[in-house]
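Student: I have a structure I would like to understand better, so I am pasting it below and will then ask my questions one at a time.
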Protein chains: 4
Amino acid sequence: MKLAQTRVLRDPIHGYIHIDQQVIWDLIDSKEFQRLRRIHQLGGVSMVYHCAEHTRFSHSLGVYELARRMMSEVDEIAQSLSAKQKIAGLCAALLHDLGHGPFSHCFERFSHIHHEDLTKAIILDPKSEVHQILDQEDLDLAQYVVDILNHQSDCPLLEEMISSQLDCDRMDYLLRDAYMTGTTYGKFDLERILRVLRVQDGHLCVKRSGTHAVEDYIMARYQMYWQVYLHPDAAGYESMILTFLNAFQNYCAKHSEYVRLYDFECLHQDGFDLKAFNRLDDFSLLMQIEKAQDLDDEVIAPLCKAILSRRLPDWKSCQNKEEGEKWISKLTLTHPFEQALCQVMKTEAGEYRPYFESEHNQIRILDGDTCIPLSQCSDVAQALLNMKNPKQWRVYFPKQRFFTQEKTA
Amino acid sequence: MKLAQTRVLRDPIHGYIHIDQQVIWDLIDSKEFQRLRRIHQLGGVSMVYHCAEHTRFSHSLGVYELARRMMSEVDEIAQSLSAKQKIAGLCAALLHDLGHGPFSHCFERFSHIHHEDLTKAIILDPKSEVHQILDQEDLDLAQYVVDILNHQSDCPLLEEMISSQLDCDRMDYLLRDAYMTGTTYGKFDLERILRVLRVQDGHLCVKRSGTHAVEDYIMARYQMYWQVYLHPDAAGYESMILTFLNAFQNYCAKHSEYVRLYDFECLHQDGFDLKAFNRLDDFSLLMQIEKAQDLDDEVIAPLCKAILSRRLPDWKSCQNKEEGEKWISKLTLTHPFEQALCQVMKTEAGEYRPYFESEHNQIRILDGDTCIPLSQCSDVAQALLNMKNPKQWRVYFPKQRFFTQEKTA
Amino acid sequence: MKLAQTRVLRDPIHGYIHIDQQVIWDLIDSKEFQRLRRIHQLGGVSMVYHCAEHTRFSHSLGVYELARRMMSEVDEIAQSLSAKQKIAGLCAALLHDLGHGPFSHCFERFSHIHHEDLTKAIILDPKSEVHQILDQEDLDLAQYVVDILNHQSDCPLLEEMISSQLDCDRMDYLLRDAYMTGTTYGKFDLERILRVLRVQDGHLCVKRSGTHAVEDYIMARYQMYWQVYLHPDAAGYESMILTFLNAFQNYCAKHSEYVRLYDFECLHQDGFDLKAFNRLDDFSLLMQIEKAQDLDDEVIAPLCKAILSRRLPDWKSCQNKEEGEKWISKLTLTHPFEQALCQVMKTEAGEYRPYFESEHNQIRILDGDTCIPLSQCSDVAQALLNMKNPKQWRVYFPKQRFFTQEKTA
Amino acid sequence: MKLAQTRVLRDPIHGYIHIDQQVIWDLIDSKEFQRLRRIHQLGGVSMVYHCAEHTRFSHSLGVYELARRMMSEVDEIAQSLSAKQKIAGLCAALLHDLGHGPFSHCFERFSHIHHEDLTKAIILDPKSEVHQILDQEDLDLAQYVVDILNHQSDCPLLEEMISSQLDCDRMDYLLRDAYMTGTTYGKFDLERILRVLRVQDGHLCVKRSGTHAVEDYIMARYQMYWQVYLHPDAAGYESMILTFLNAFQNYCAKHSEYVRLYDFECLHQDGFDLKAFNRLDDFSLLMQIEKAQDLDDEVIAPLCKAILSRRLPDWKSCQNKEEGEKWISKLTLTHPFEQALCQVMKTEAGEYRPYFESEHNQIRILDGDTCIPLSQCSDVAQALLNMKNPKQWRVYFPKQRFFTQEKTA
């Protein structure tokens, strides 16, 4: 159902978010979507870039807005999609991050459940407000949205708009994270890209004359990965959060009388407990950490203090796991908390490759009537594909200064 | 003590925050300052401007940076201050917001304690990390910082730099809030203002040729007050928070067995409990609200749900309190929760006057060798002083749509 | 005729200029419109703000783009205008500045012909490319465009969109001039204004909730007038240009053998000589000034050198004409060139009033079903109307330093 | 000599240009430097990007400002240079573009004299104001400035600051051209680069941690070359200018009675005629073109009209010269003007390589105590070095539409 008049939300990245469908307006006001106000977009990165305090709530609105613009401004997309497909695509864009837990990727490493699976569980859960709102619009809609997110729908175009190497998700987060961190690296020429998008054989592709704009976008990704997303101190902070989650789980297992704030393990168990999940967010986890400062545990108590006062571990690069472990073994660490901070971490190649190509995942360039992979017409893309695998090991260990303070405090 | 090398923090408003004093670096890492990461700068405004999720942490860094720039770039300020005064001024700029509670002004209205008094209590409390760090630098420093914030120091210039009608605090928050909300209204010509600042008889003033730049700044304040700070929906959200705090206090008084997350009343009682205060922030209050959804109370439970899903009350303007109350009395409200949402609110003139003049609080323009109040040489300022008192009454009441949903849910 | 596909021109103010009508595309390529590339937008202001080197060409494209956006994005405007009216309005927006001569307002003061009259003469001249292109589209079009510019058409809405106190012309030049000078003063919230425009009884008006956005726009005008358009040094430079034009005219009258580059007097005489006019622009005037350095004339030669090397006269404020003339009379000026630089100038109130109201020229606010003048609902507008008349006198005279250099050179 | 107080010029790229030396202030007001107001920075590019109307005047101020910032903000540069070296460096930065002729590179191709040689000729010419001002400051200064520009001074650091692959010239023009064209491609993180510059063994280098910022800068160059500087339509326009210059030279040789506006051949002859050169600029060339419309020459007359109304030739890519010529030979071109528009052009690799390395010209990265070339630590730089030579041929020929119009006109 169309709204009587278009409603707008002010947004520094897109100017305005435009909403003209009742179902979108209702989804925004749902409990599950409002929860995203309490999940920071960048987890530990805000410990390094202090202004990057924005949440998945505003990012999700941005992804929606980009999908909406593509559907109305790119003629070939507008003509390729039915009214029903458009609404499903907008819903999928809006809801794609619903399943993120506290400190997003941290929590995935703790729970071993991917946030995308939780997103789908919420959308399909008949008790969720999100599900009920989708049902009100159309009884098939919830399943269709999940199919799009699963890349199992009848419409590869929608799937690619929402999740591919040139999608609304990446486009919004690059622009938004660049704006909020105050770096210039993530900026690319969005308006130009919107002008060169095309549809060929049901797939999203780019007019050949837009190749340079796409190269610019890829390099923006490359820069943001190195400068922001993989910042060593952000990783150090997140590793402390993960260490806490594991240590606290053990503590609770041993001290069954201890009353936890929330059940952080709700997801490990059978079934999906929507109510418990709704209460898991950055805010509740930090509250638990605040409470756990008082525990009588020689790792947890100082760890919580360090997290809350941003006392990050030190780090250095190393060649491989062995070298990192050797470095740790040479340190004189007498306190268990010191030992808990030590860690050798690998930054996985996959995460920070600015571009790669597989059969189903590649940026397509429209060359005459057929599509070719970007690397066939871009020296820059080719160079990035050939780039030697930027695997990187780091060893983390206690910073002399803070450790001493903690010990004497 | 100077740091071996200047450290910088990236900031979208100022480019970089520059830190070259050990005491500033240590204060930033203190527990009490890190707590500001959990207090949003704009309270309920982020319910209207969804990107305005920034915190008092980044604002405080910005105020510090502006004070630092004034001290180094404005020659007359640089020459007017001793090394000790400079450090005290920087600390005061950094720490001035330390005492803000959850949802800042909401909490003041609940606790009836002004955040500035709490700021001073924290700085003077020998148990606070902040106090200990200041002591390490200089045993008089904590008291000097408090004197500056109290406007009782020997240096009116520092006091005016940190709190006056043309101070680092307002300058940072206008620019930052404009940036984060995505509005253009708060922008003014900071670089020009820094170039026209002068010191005369120990007071901060502005070169006559800078009058237009100051007018521009005043109009930025005027616009931000109306468009952002006094937005009716933000006020509606904050009024729900205040209603919760009061209702919850009553509930706890009646149900002594109920275990609260945190002691929100810690400040009502004698003395100042630093540890309890450290735990009061936006995050912990929202957690308490999340928990309180489950209470068996016909006001608190639906109120908590409404807060968490952003179901704001409706409102309309009215001439005065009586008219507002009359409007409410005509509504058919059967449910206590509906009644709890009803409220007549006055937006106090004082808060949103973009400019006023009193003997000690005025923007001084340097005219030859003497200072005159801004209004004597600015038609715009004069016009704003003459503006008829923009007192404004609003009546809040349940929105039909959400109320119905809550009732049937 | 619609173009087969929309063409775009990159523009830093509007992102892209969108062109989808053949007639607009052809007009842009016409000789008379391309001439605007050689008329600077801000005349002498670029002598003060060195980056403000943009021309009436890019401004005219911007005015066109704003008119186009209003016609497509503001529903009530879209519905109020016929297809023919839309095209006429776009042409009028594009062509409104066609008649500007070299250094725009300077040349008007020399020729005593208003640029708007020349604009109309060009459009109606059957020999102009512009006229022929309009004819190709529709034989009535040229006259209709002139009627709109004359405020004598059947469509006040179009007239107000192109020339009123809230029109596409002012909106573009404020934003563009602010961007190019690097000042922030001219920025206002264009996107918001586009959202609150309405049509009532055939007139352009603004939704009441947009009042603040309009106040912001008015204050932007106020600031730009003082900081940019009326800058004393820009006026000083333009006054040298005017002095040259008059002195050179006298010289040519006395020396009939002298071959001028171009006939700057072509407009004084009977009839309108399109070909001669096409050759009058900033470039040709500066070339004439360059050539005239060699004339054996004790005013013209040093004046031309001063213009080309930007050796501006000095100035001071004065109360009135008499005071200014008295100041001049006290100077020891022996050289005719020195005397030629002396001048008392009044900045006319009319030009820099940020806002005024007359029956036909006022910003209309939609209040329920009727329109009220802005000042009835805006304290800021009311204050500006009441502002005491900012008449201002300045006396210009030779700068000691340059004069000495010229004399000894 | 220091100025009594720092003077500032507003600039949209750098905020303010700061001037605190008398010699710089005087140079800016010199006749030869003011001439740069009449040379567009981007020649024919403004025919494609209509806002790119800025001149070498503002660019030169920007290069000066960057050099000034490096000398005051980068400690190691500040300490490496004597007071005299600093002044010479600032003068060299300001004056480096003095020798550009009309449409810069066009004119070089016509005159076969490199603009850098003309820059030096002007600086060394005792009759130039620039020379006299430098002499007033210090009798060795003019020669020292030329030595720096020649890369033959005693100070490689200064030479590299002004002309190398990471110099003030490129940094300013990338930022300025991006701003003025409205593209985002030229933006890079200037503030970060200023923070990571170092001096090692008398050479400018970059701290290792700044590698990514330098990669970002290199990619900005790559993008700007392709999107802006080598735009095919800009090249088409410039080729028409060059065709005019050559055809007009022939015409004048044959028609000795024809009085040219200016002597465009002044530089071909023996000696350097400063006065004649001062009159060669974009403005005077366009005036000559305007006049030459009236010539009775079947190439020159229509060519001048096409230039003035921006009627650009059409173009297509081709593999090599032969293919291009073959294409031309197949066209039915009966009119000499049509033939004059035909041309096969090679875009030389050298010009648009975003990065290359030679012994003396490379970006140096500080790795411990030694410098390594950028490519040794940057996969991106390495990839760009390996990029297959982007030589590119294009064939230009008459656009059907315009040609027909001309013929029938």
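Chains: A, B, ... in order of the structure tokens. Residues: from 1 per chain. Ligands: from 1, in order shown.
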Please tabulate, as a tab-separated table, the residues of chain A that come within 9 Å of chain D, each with its closest pair of atoms and the distance in Å to one decimal, counting only C-alpha atoms and ordering rows by chain, then residue number upward.

Tutor:
residue	atom	partner	partner_atom	distance
A:Thr183	CA	D:Asp189	CA	7.6
A:Thr184	CA	D:Asp189	CA	6.2
A:Tyr185	CA	D:Phe188	CA	7.3
A:Lys187	CA	D:Thr184	CA	7.6
A:Phe188	CA	D:Thr184	CA	6.7
A:Asp189	CA	D:Thr184	CA	6.2
A:His212	CA	D:Gln223	CA	7.0
A:Ala213	CA	D:Gln223	CA	8.5
A:Glu215	CA	D:Gln223	CA	8.7
A:Asp216	CA	D:Tyr185	CA	7.4
A:Met219	CA	D:Met219	CA	7.9
A:Ala220	CA	D:Asp216	CA	8.5
A:Gln223	CA	D:His212	CA	7.0
A:Trp226	CA	D:His212	CA	7.9
A:Gln227	CA	D:His212	CA	7.8
A:Asp379	CA	D:Met387	CA	6.2
A:Val380	CA	D:Leu384	CA	7.3
A:Gln382	CA	D:Ala383	CA	8.6
A:Ala383	CA	D:Ala383	CA	5.1
A:Leu384	CA	D:Val380	CA	7.3
A:Asn386	CA	D:Ala383	CA	8.2
A:Met387	CA	D:Asp379	CA	6.2
A:Lys388	CA	D:Asp379	CA	7.6

Student: Using DSSP on the backbone coordinates, identify the residues of range 15-231 of chain D assigned to strand (DSSP E or B); present them as a list in words.

Tutor: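 Across range 15-231 of chain D, those assigned strand (DSSP E or B) are Gly15, Tyr16, Ile17, His18, Ile19, Asp20, Gln21, His40, Thr55, Leu197, Arg198, Val199, Gln200, His203, Leu204, Cys205, Val206 and Lys207 of chain D.
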
Student: Can you list, as a count of residues only, all residues belonging to range 139-178 of chain B that DSSP tags as alpha helix (DSSP H)?

Tutor: 27

Student: Which residues are near range 279-286 of chain C? Cut-off 9 Å, only C-alpha atoms, ignore same chain within fewer than 3 positions. Put them as a ChimeraX atom specification.

Tutor: /C:35-36,38-40,43,100-104,261-264,274-276,289-291,307-308 /D:38,282-284,286-287,290-291

Student: Counting only C-alpha atoms, figure out which residue out of A:Leu61, A:Met70, A:Ile241, A:Leu141 gets nearest to Leu98 in chain A.

Tutor: A:Leu61

Student: Can you list, as a list in words, every protein, DNA or RNA residue that comes within 8 Å of range 229-238 of chain D when you count only C-alpha atoms, leaving out same-chain residues fewer than 4 positions away?

Tutor: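 Here the answer would be Leu42, Gly43, Gly44, Val45, Ser46, Met47, Val48, Phe103, Cys106, Met224, Tyr225, Leu242, Ile307, Arg310, Leu312, Pro313, Asp314, Trp315, Thr347, Tyr352 and Tyr396 of chain D.
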
Student: Smallest atom-to-atom distance to Ile162 in chain B: which of B:Arg7, B:His114, B:Arg56, B:Arg68, using only C-alpha atoms?

Tutor: B:Arg68

Student: From the set C:His50, C:His335, C:Arg69, C:Arg364, which residue has the shortest atom-to-atom contact distance to Ile19 in chain C, counting only C-alpha atoms?

Tutor: C:Arg69

Student: Do you know which residues are at most 12 Å from Ser153 in chain B counting only C-alpha atoms, after dropping those on the same chain fewer than 4 positions away, and could you put them as a ChimeraX atom specification?

Tutor: /B:85,88-89,92,141,143-149,157-160

Student: Would you mind exporting C-alpha atoms of the selected residues as a PDB file, in the first residue's frame?

Tutor:
ATOM      1  CA  GLN B  85      46.578  28.426  32.718  1.00  0.00           C
ATOM      2  CA  ALA B  88      44.028  24.076  33.156  1.00  0.00           C
ATOM      3  CA  GLY B  89      41.949  25.517  30.320  1.00  0.00           C
ATOM      4  CA  ALA B  92      38.412  22.187  31.699  1.00  0.00           C
ATOM      5  CA  LEU B 141      45.089  21.572  39.047  1.00  0.00           C
ATOM      6  CA  GLN B 143      40.680  22.833  42.000  1.00  0.00           C
ATOM      7  CA  TYR B 144      41.754  25.268  39.270  1.00  0.00           C
ATOM      8  CA  VAL B 145      39.778  23.379  36.658  1.00  0.00           C
ATOM      9  CA  VAL B 146      36.692  23.478  38.880  1.00  0.00           C
ATOM     10  CA  ASP B 147      37.201  27.198  39.501  1.00  0.00           C
ATOM     11  CA  ILE B 148      37.247  27.820  35.753  1.00  0.00           C
ATOM     12  CA  LEU B 149      34.051  25.829  35.277  1.00  0.00           C
ATOM     13  CA  LEU B 157      39.348  34.760  29.474  1.00  0.00           C
ATOM     14  CA  LEU B 158      39.558  31.003  30.082  1.00  0.00           C
ATOM     15  CA  GLU B 159      36.065  30.971  31.558  1.00  0.00           C
ATOM     16  CA  GLU B 160      34.690  32.751  28.498  1.00  0.00           C
TER      17      GLU B 160
END

Student: Of the residues A:Asn278, A:Ile218, A:Ser329, A:Gln22, which is the one nearest to Phe356 in chain A, using only C-alpha atoms?

Tutor: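 Counting only C-alpha atoms, the residue closest to Phe356 in chain A is A:Ile218.
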
Student: Need the shell around Met1 in chain A: protein/DNA/RNA residues with any atom at most 10 Å away, counting only C-alpha atoms. Skip same-chain ones fewer than 5 positions apart. Format as a CSV table (one decimal) with N, CA and C atoms, in the first residue's frame?

Tutor:
chain,number,residue,atom,x,y,z
A,20,ASP,N,7.7,5.7,0.7
A,20,ASP,CA,6.4,5.9,0.2
A,20,ASP,C,5.5,4.6,0.2
A,21,GLN,N,6.0,3.6,0.9
A,21,GLN,CA,5.3,2.4,1.1
A,21,GLN,C,4.9,2.2,2.6
A,22,GLN,N,3.7,1.8,2.9
A,22,GLN,CA,3.3,1.6,4.3
A,22,GLN,C,4.2,0.5,4.9
A,23,VAL,N,4.4,-0.5,4.2
A,23,VAL,CA,5.1,-1.7,4.8
A,23,VAL,C,6.5,-1.3,5.2
A,24,ILE,N,7.2,-0.4,4.5
A,24,ILE,CA,8.5,0.1,4.9
A,24,ILE,C,8.4,0.9,6.1
A,87,ILE,N,8.9,-4.3,-4.0
A,87,ILE,CA,8.7,-4.2,-2.6
A,87,ILE,C,9.5,-5.2,-1.9
A,137,GLU,N,1.3,-7.2,4.4
A,137,GLU,CA,1.4,-6.7,3.1
A,137,GLU,C,1.1,-7.8,2.1

Student: Do you have the CA of Lys207 in chain B-CA of Ser163 in chain B distance handy?

Tutor: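 Atom-to-atom, CA of Lys207 in chain B to CA of Ser163 in chain B, that is 19.5 Å.
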
Student: For Asn320 in chain B, work out the shell of residues within 12 Å, counting only C-alpha atoms and skipping chain neighbours fewer than 6 positions away, then give it as a JSON list (two decimals) with N, CA and C atoms, in the first residue's frame.

Tutor:
[["chain", "number", "residue", "atom", "x", "y", "z"],
["B", 326, "LYS", "N", -7.21, 21.49, 28.80],
["B", 326, "LYS", "CA", -8.59, 21.35, 28.33],
["B", 326, "LYS", "C", -8.66, 20.33, 27.19],
["B", 327, "TRP", "N", -7.73, 20.42, 26.30],
["B", 327, "TRP", "CA", -7.65, 19.47, 25.19],
["B", 327, "TRP", "C", -7.55, 18.04, 25.72],
["B", 344, "VAL", "N", 1.29, 18.61, 29.19],
["B", 344, "VAL", "CA", 1.41, 19.94, 28.58],
["B", 344, "VAL", "C", 2.82, 20.43, 28.89],
["B", 345, "MET", "N", 3.55, 20.83, 27.86],
["B", 345, "MET", "CA", 4.95, 21.19, 28.06],
["B", 345, "MET", "C", 5.22, 22.60, 27.55],
["B", 346, "LYS", "N", 6.01, 23.34, 28.30],
["B", 346, "LYS", "CA", 6.41, 24.66, 27.84],
["B", 346, "LYS", "C", 7.88, 24.60, 27.42],
["B", 347, "THR", "N", 8.14, 25.09, 26.24],
["B", 347, "THR", "CA", 9.52, 25.23, 25.83],
["B", 347, "THR", "C", 9.97, 26.58, 26.37],
["B", 391, "LYS", "N", 8.09, 31.93, 23.63],
["B", 391, "LYS", "CA", 7.57, 30.90, 24.52],
["B", 391, "LYS", "C", 6.65, 30.00, 23.70],
["B", 392, "GLN", "N", 6.59, 28.75, 24.01],
["B", 392, "GLN", "CA", 5.75, 27.89, 23.21],
["B", 392, "GLN", "C", 5.22, 26.74, 24.05],
["B", 393, "TRP", "N", 3.94, 26.54, 23.97],
["B", 393, "TRP", "CA", 3.31, 25.43, 24.69],
["B", 393, "TRP", "C", 2.93, 24.33, 23.71],
["B", 394, "ARG", "N", 3.11, 23.12, 24.18],
["B", 394, "ARG", "CA", 2.63, 21.98, 23.38],
["B", 394, "ARG", "C", 1.90, 20.99, 24.28],
["B", 395, "VAL", "N", 0.89, 20.37, 23.73],
["B", 395, "VAL", "CA", 0.23, 19.30, 24.47],
["B", 395, "VAL", "C", 0.53, 17.96, 23.77]]
